[in-house]
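Report on the structure given below.
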Amino acid sequence: MLVAPSILSADFGKLDQEIKAICDGGCDLIHVDVMDGHFVPNMTIGPVVVSPVAKAATKPLDVHLMVENNTFFVELFAPLKPEYITFHIESEKHPHRLIQKIRSLGIKPGIVLNPHTPPEAIEFLLEDLDMVLLMSVNPGFGGQKFIASVVEKAKRLKKLINERNPNCLIEVDGGVNDKNIHELKEAGVDVVVAGSYVFGNDDYSKAIKSLQI
Ligand code: DX5
Ligand code: ZN
């Protein structure tokens, strides 16, 4: 299991130290939550803040867009050379076109599904994707309770992925901890995002390793 700590739960007063600590602690990716105050009722960070993060990072960035104007934000973050940019299917009228655009910028494209969106909604996009991110909370905030139905959804998605594009990864985001990690692994999940679980632990390295099962 790959682990992507979400810097939403980091101490933004000492972000460079926090980035160094999770990278030294053995994380696989750095999850960056981008919120525009429209698609979700919260706002976070733009490239002005993420650029020094990218410089301090020794692990690749996993940018999760929670925005209405996806194309604008893809263009804004592309110069930071993230490994992945994921966007919500619920906010995009032309997902296939946007996937091609992200790939043309040399970035791996992924799609995010809110808790109510069935995996079949993206069945015909799977062959063009590197990752599907399943939300296990309603997007907008860290520290929320895990929505357990994501486990069944991951199993259904895994079947579709096996049929259409076995290289596509499944990522789960929200309320992940050392209790639910085992059922996620069993369901076929490849990557977990963990914000409050990692940054709420005194020992980031220990928390990250407890999820790398
Ligand atoms: C929620 C974000 C998550 C969040 C996860 O909108 O997409 O990445 O930071 O935080 P935890 O792990 O605390 O639920
Ligand atoms: Zn996220």
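Going by the structure tokens order, chains are called A, B, ..., each with residues numbered from 1, while ligands are numbered from 1 in the order shown.
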Enumerate residues in contact with ligand 1: an atom-to-atom distance of at most 7 Å, counting only C-alpha atoms and all ligand atoms. Format the result as a list in words.
-> Ser6, Ile7, Leu8, Ser9, His31, Asp33, His64, Val137, Asn138, Pro139, Gly140, Phe141, Gly142, Gly143, Gln144, Asp173, Gly174, Gly175, Val176, Val193, Ala194, Gly195, Ser196 and Tyr197 of chain A
Shell around Glu120 in chain A at 9 Å using only C-alpha atoms, local window under 2 positions removed, as an MDAnalysis selection string | chainID A and resid 117:118 122:124 156:157 160
Go ahead and save the picked residues with N, CA and C atoms, as an mmCIF file, in the first residue's frame.
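Result saved to result.cif:
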```cif
data_model
loop_
_atom_site.group_PDB
_atom_site.id
_atom_site.type_symbol
_atom_site.label_atom_id
_atom_site.label_comp_id
_atom_site.auth_asym_id
_atom_site.auth_seq_id
_atom_site.Cartn_x
_atom_site.Cartn_y
_atom_site.Cartn_z
ATOM 1 N N THR A 117 -21.141 8.814 -5.935
ATOM 2 C CA THR A 117 -20.977 8.548 -7.379
ATOM 3 C C THR A 117 -20.540 7.102 -7.621
ATOM 4 N N PRO A 118 -21.300 6.347 -8.416
ATOM 5 C CA PRO A 118 -20.948 4.941 -8.643
ATOM 6 C C PRO A 118 -19.727 4.793 -9.550
ATOM 7 N N ILE A 122 -17.534 6.167 -14.520
ATOM 8 C CA ILE A 122 -16.281 6.439 -15.256
ATOM 9 C C ILE A 122 -15.782 5.208 -16.012
ATOM 10 N N GLU A 123 -16.672 4.224 -16.168
ATOM 11 C CA GLU A 123 -16.255 2.968 -16.811
ATOM 12 C C GLU A 123 -15.560 3.215 -18.155
ATOM 13 N N PHE A 124 -16.120 4.119 -18.948
ATOM 14 C CA PHE A 124 -15.581 4.323 -20.303
ATOM 15 C C PHE A 124 -14.440 5.340 -20.351
ATOM 16 N N ARG A 156 -16.010 -3.073 -6.475
ATOM 17 C CA ARG A 156 -16.674 -2.977 -7.789
ATOM 18 C C ARG A 156 -15.768 -2.313 -8.814
ATOM 19 N N LEU A 157 -15.090 -1.256 -8.360
ATOM 20 C CA LEU A 157 -14.170 -0.549 -9.258
ATOM 21 C C LEU A 157 -13.020 -1.469 -9.676
ATOM 22 N N LEU A 160 -13.939 -3.576 -12.602
ATOM 23 C CA LEU A 160 -13.953 -2.804 -13.856
ATOM 24 C C LEU A 160 -12.526 -2.522 -14.327
#
```
Give me the residues within 8 Å of range 101-109 of chain A as a PyMOL selection string, counting only C-alpha atoms and dropping any in the same chain fewer than 5 places off.
-> chain A and resi 74+78+81-86+129-131
Pick from A:Leu126, A:Val172, A:Ala54, A:Ile147: nearest to ligand 2, with only C-alpha atoms and all ligand atoms counted?
->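 Under the stated criterion, the closest residue is A:Val172.
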For the contact check between range 91-206 of chain A and range 23-28 of chain A, emit one row per residue of range 91-206 of chain A within 12 Å, containing the shortest atom pair and the distance in Å rounded to one decimal, counting only C-alpha atoms, chain then rising number order, as a Markdown table.
```
| residue | atom | partner | partner_atom | distance |
| --- | --- | --- | --- | --- |
| A:Asp190 | CA | A:Asp28 | CA | 11.4 |
| A:Val191 | CA | A:Asp28 | CA | 8.9 |
| A:Val192 | CA | A:Asp28 | CA | 9.9 |
| A:Val193 | CA | A:Asp28 | CA | 10.2 |
| A:Ala194 | CA | A:Cys27 | CA | 10.4 |
| A:Val198 | CA | A:Cys27 | CA | 10.1 |
| A:Phe199 | CA | A:Gly25 | CA | 11.5 |
| A:Asp202 | CA | A:Gly25 | CA | 11.8 |
| A:Asp203 | CA | A:Gly25 | CA | 8.6 |
| A:Tyr204 | CA | A:Gly25 | CA | 6.1 |
| A:Ser205 | CA | A:Gly25 | CA | 4.0 |
| A:Lys206 | CA | A:Gly25 | CA | 7.7 |
```
Same residues, all heavy atoms, output as an mmCIF file, in the first residue's frame:
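Just written: result_25.cif:
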```cif
data_model
loop_
_atom_site.group_PDB
_atom_site.id
_atom_site.type_symbol
_atom_site.label_atom_id
_atom_site.label_comp_id
_atom_site.auth_asym_id
_atom_site.auth_seq_id
_atom_site.Cartn_x
_atom_site.Cartn_y
_atom_site.Cartn_z
ATOM 1 N N ASP A 190 -4.773 0.624 -3.813
ATOM 2 C CA ASP A 190 -3.317 0.699 -4.006
ATOM 3 C C ASP A 190 -2.658 1.835 -3.230
ATOM 4 O O ASP A 190 -1.490 1.755 -2.873
ATOM 5 C CB ASP A 190 -2.998 0.926 -5.498
ATOM 6 C CG ASP A 190 -3.636 -0.125 -6.385
ATOM 7 O OD1 ASP A 190 -3.160 -1.266 -6.375
ATOM 8 O OD2 ASP A 190 -4.632 0.197 -7.079
ATOM 9 N N VAL A 191 -3.414 2.940 -3.048
ATOM 10 C CA VAL A 191 -2.852 4.154 -2.430
ATOM 11 C C VAL A 191 -3.861 4.699 -1.428
ATOM 12 O O VAL A 191 -5.054 4.757 -1.743
ATOM 13 C CB VAL A 191 -2.615 5.275 -3.486
ATOM 14 C CG1 VAL A 191 -1.849 6.448 -2.884
ATOM 15 C CG2 VAL A 191 -1.912 4.754 -4.728
ATOM 16 N N VAL A 192 -3.398 5.100 -0.249
ATOM 17 C CA VAL A 192 -4.301 5.810 0.671
ATOM 18 C C VAL A 192 -3.750 7.202 0.969
ATOM 19 O O VAL A 192 -2.544 7.401 1.076
ATOM 20 C CB VAL A 192 -4.538 5.065 2.014
ATOM 21 C CG1 VAL A 192 -5.446 3.873 1.817
ATOM 22 C CG2 VAL A 192 -3.238 4.687 2.705
ATOM 23 N N VAL A 193 -4.692 8.140 1.107
ATOM 24 C CA VAL A 193 -4.376 9.486 1.580
ATOM 25 C C VAL A 193 -4.639 9.478 3.079
ATOM 26 O O VAL A 193 -5.637 8.904 3.524
ATOM 27 C CB VAL A 193 -5.293 10.525 0.895
ATOM 28 C CG1 VAL A 193 -5.029 11.916 1.447
ATOM 29 C CG2 VAL A 193 -5.108 10.482 -0.612
ATOM 30 N N ALA A 194 -3.765 10.081 3.848
ATOM 31 C CA ALA A 194 -4.022 10.184 5.292
ATOM 32 C C ALA A 194 -3.540 11.545 5.768
ATOM 33 O O ALA A 194 -2.362 11.877 5.625
ATOM 34 C CB ALA A 194 -3.312 9.058 6.033
ATOM 35 N N VAL A 198 -1.798 10.905 10.058
ATOM 36 C CA VAL A 198 -0.335 11.063 10.032
ATOM 37 C C VAL A 198 0.090 12.283 10.857
ATOM 38 O O VAL A 198 0.925 12.176 11.765
ATOM 39 C CB VAL A 198 0.193 11.183 8.581
ATOM 40 C CG1 VAL A 198 1.656 11.619 8.554
ATOM 41 C CG2 VAL A 198 0.043 9.843 7.855
ATOM 42 N N PHE A 199 -0.510 13.460 10.556
ATOM 43 C CA PHE A 199 -0.037 14.688 11.211
ATOM 44 C C PHE A 199 -0.511 14.801 12.656
ATOM 45 O O PHE A 199 -0.005 15.610 13.424
ATOM 46 C CB PHE A 199 -0.439 15.913 10.376
ATOM 47 C CG PHE A 199 0.363 16.028 9.107
ATOM 48 C CD1 PHE A 199 -0.162 15.608 7.882
ATOM 49 C CD2 PHE A 199 1.664 16.515 9.137
ATOM 50 C CE1 PHE A 199 0.587 15.695 6.717
ATOM 51 C CE2 PHE A 199 2.424 16.606 7.970
ATOM 52 C CZ PHE A 199 1.889 16.197 6.755
ATOM 53 N N ASP A 202 2.547 11.736 16.904
ATOM 54 C CA ASP A 202 3.840 12.338 17.288
ATOM 55 C C ASP A 202 4.964 11.852 16.385
ATOM 56 O O ASP A 202 5.935 12.568 16.144
ATOM 57 C CB ASP A 202 4.187 11.974 18.742
ATOM 58 C CG ASP A 202 3.276 12.704 19.705
ATOM 59 O OD1 ASP A 202 2.704 13.735 19.283
ATOM 60 O OD2 ASP A 202 3.107 12.237 20.850
ATOM 61 N N ASP A 203 4.819 10.627 15.907
ATOM 62 C CA ASP A 203 5.871 10.018 15.086
ATOM 63 C C ASP A 203 5.311 9.789 13.670
ATOM 64 O O ASP A 203 4.630 8.798 13.412
ATOM 65 C CB ASP A 203 6.293 8.689 15.738
ATOM 66 C CG ASP A 203 7.474 8.055 15.028
ATOM 67 O OD1 ASP A 203 7.706 8.383 13.847
ATOM 68 O OD2 ASP A 203 8.144 7.211 15.648
ATOM 69 N N TYR A 204 5.597 10.724 12.738
ATOM 70 C CA TYR A 204 5.040 10.630 11.378
ATOM 71 C C TYR A 204 5.490 9.336 10.694
ATOM 72 O O TYR A 204 4.714 8.692 9.989
ATOM 73 C CB TYR A 204 5.470 11.811 10.513
ATOM 74 C CG TYR A 204 4.978 13.174 10.946
ATOM 75 C CD1 TYR A 204 5.445 14.327 10.326
ATOM 76 C CD2 TYR A 204 4.032 13.320 11.955
ATOM 77 C CE1 TYR A 204 5.004 15.586 10.701
ATOM 78 C CE2 TYR A 204 3.587 14.582 12.343
ATOM 79 C CZ TYR A 204 4.084 15.707 11.713
ATOM 80 O OH TYR A 204 3.650 16.951 12.076
ATOM 81 N N SER A 205 6.751 8.998 10.889
ATOM 82 C CA SER A 205 7.310 7.824 10.229
ATOM 83 C C SER A 205 6.568 6.557 10.664
ATOM 84 O O SER A 205 6.210 5.703 9.838
ATOM 85 C CB SER A 205 8.797 7.742 10.569
ATOM 86 O OG SER A 205 9.321 6.565 10.061
ATOM 87 N N LYS A 206 6.317 6.459 11.954
ATOM 88 C CA LYS A 206 5.610 5.290 12.495
ATOM 89 C C LYS A 206 4.178 5.227 11.922
ATOM 90 O O LYS A 206 3.695 4.160 11.523
ATOM 91 C CB LYS A 206 5.551 5.415 14.025
ATOM 92 C CG LYS A 206 5.246 4.128 14.736
ATOM 93 C CD LYS A 206 5.390 4.332 16.237
ATOM 94 C CE LYS A 206 4.386 3.450 16.951
ATOM 95 N NZ LYS A 206 4.021 3.958 18.265
#
```
Check the smallest atom-to-atom distance from each of A:Ile170, A:Leu61, A:Leu133, A:Leu184 to Val112 in chain A using only C-alpha atoms, then report the winner.
->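 Nearest to Val112 in chain A: A:Leu133.
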Measure the distance from CA of Thr44 in chain A to CA of Gln100 in chain A in Å and round it to one decimal.
->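 Between CA of Thr44 in chain A and CA of Gln100 in chain A the gap works out to 26.1 Å.
With distances taken over only C-alpha atoms and all ligand atoms, A:His88 is the one residue among A:His88, A:His182, A:Lys20, A:Lys158 lying closest to ligand 2.
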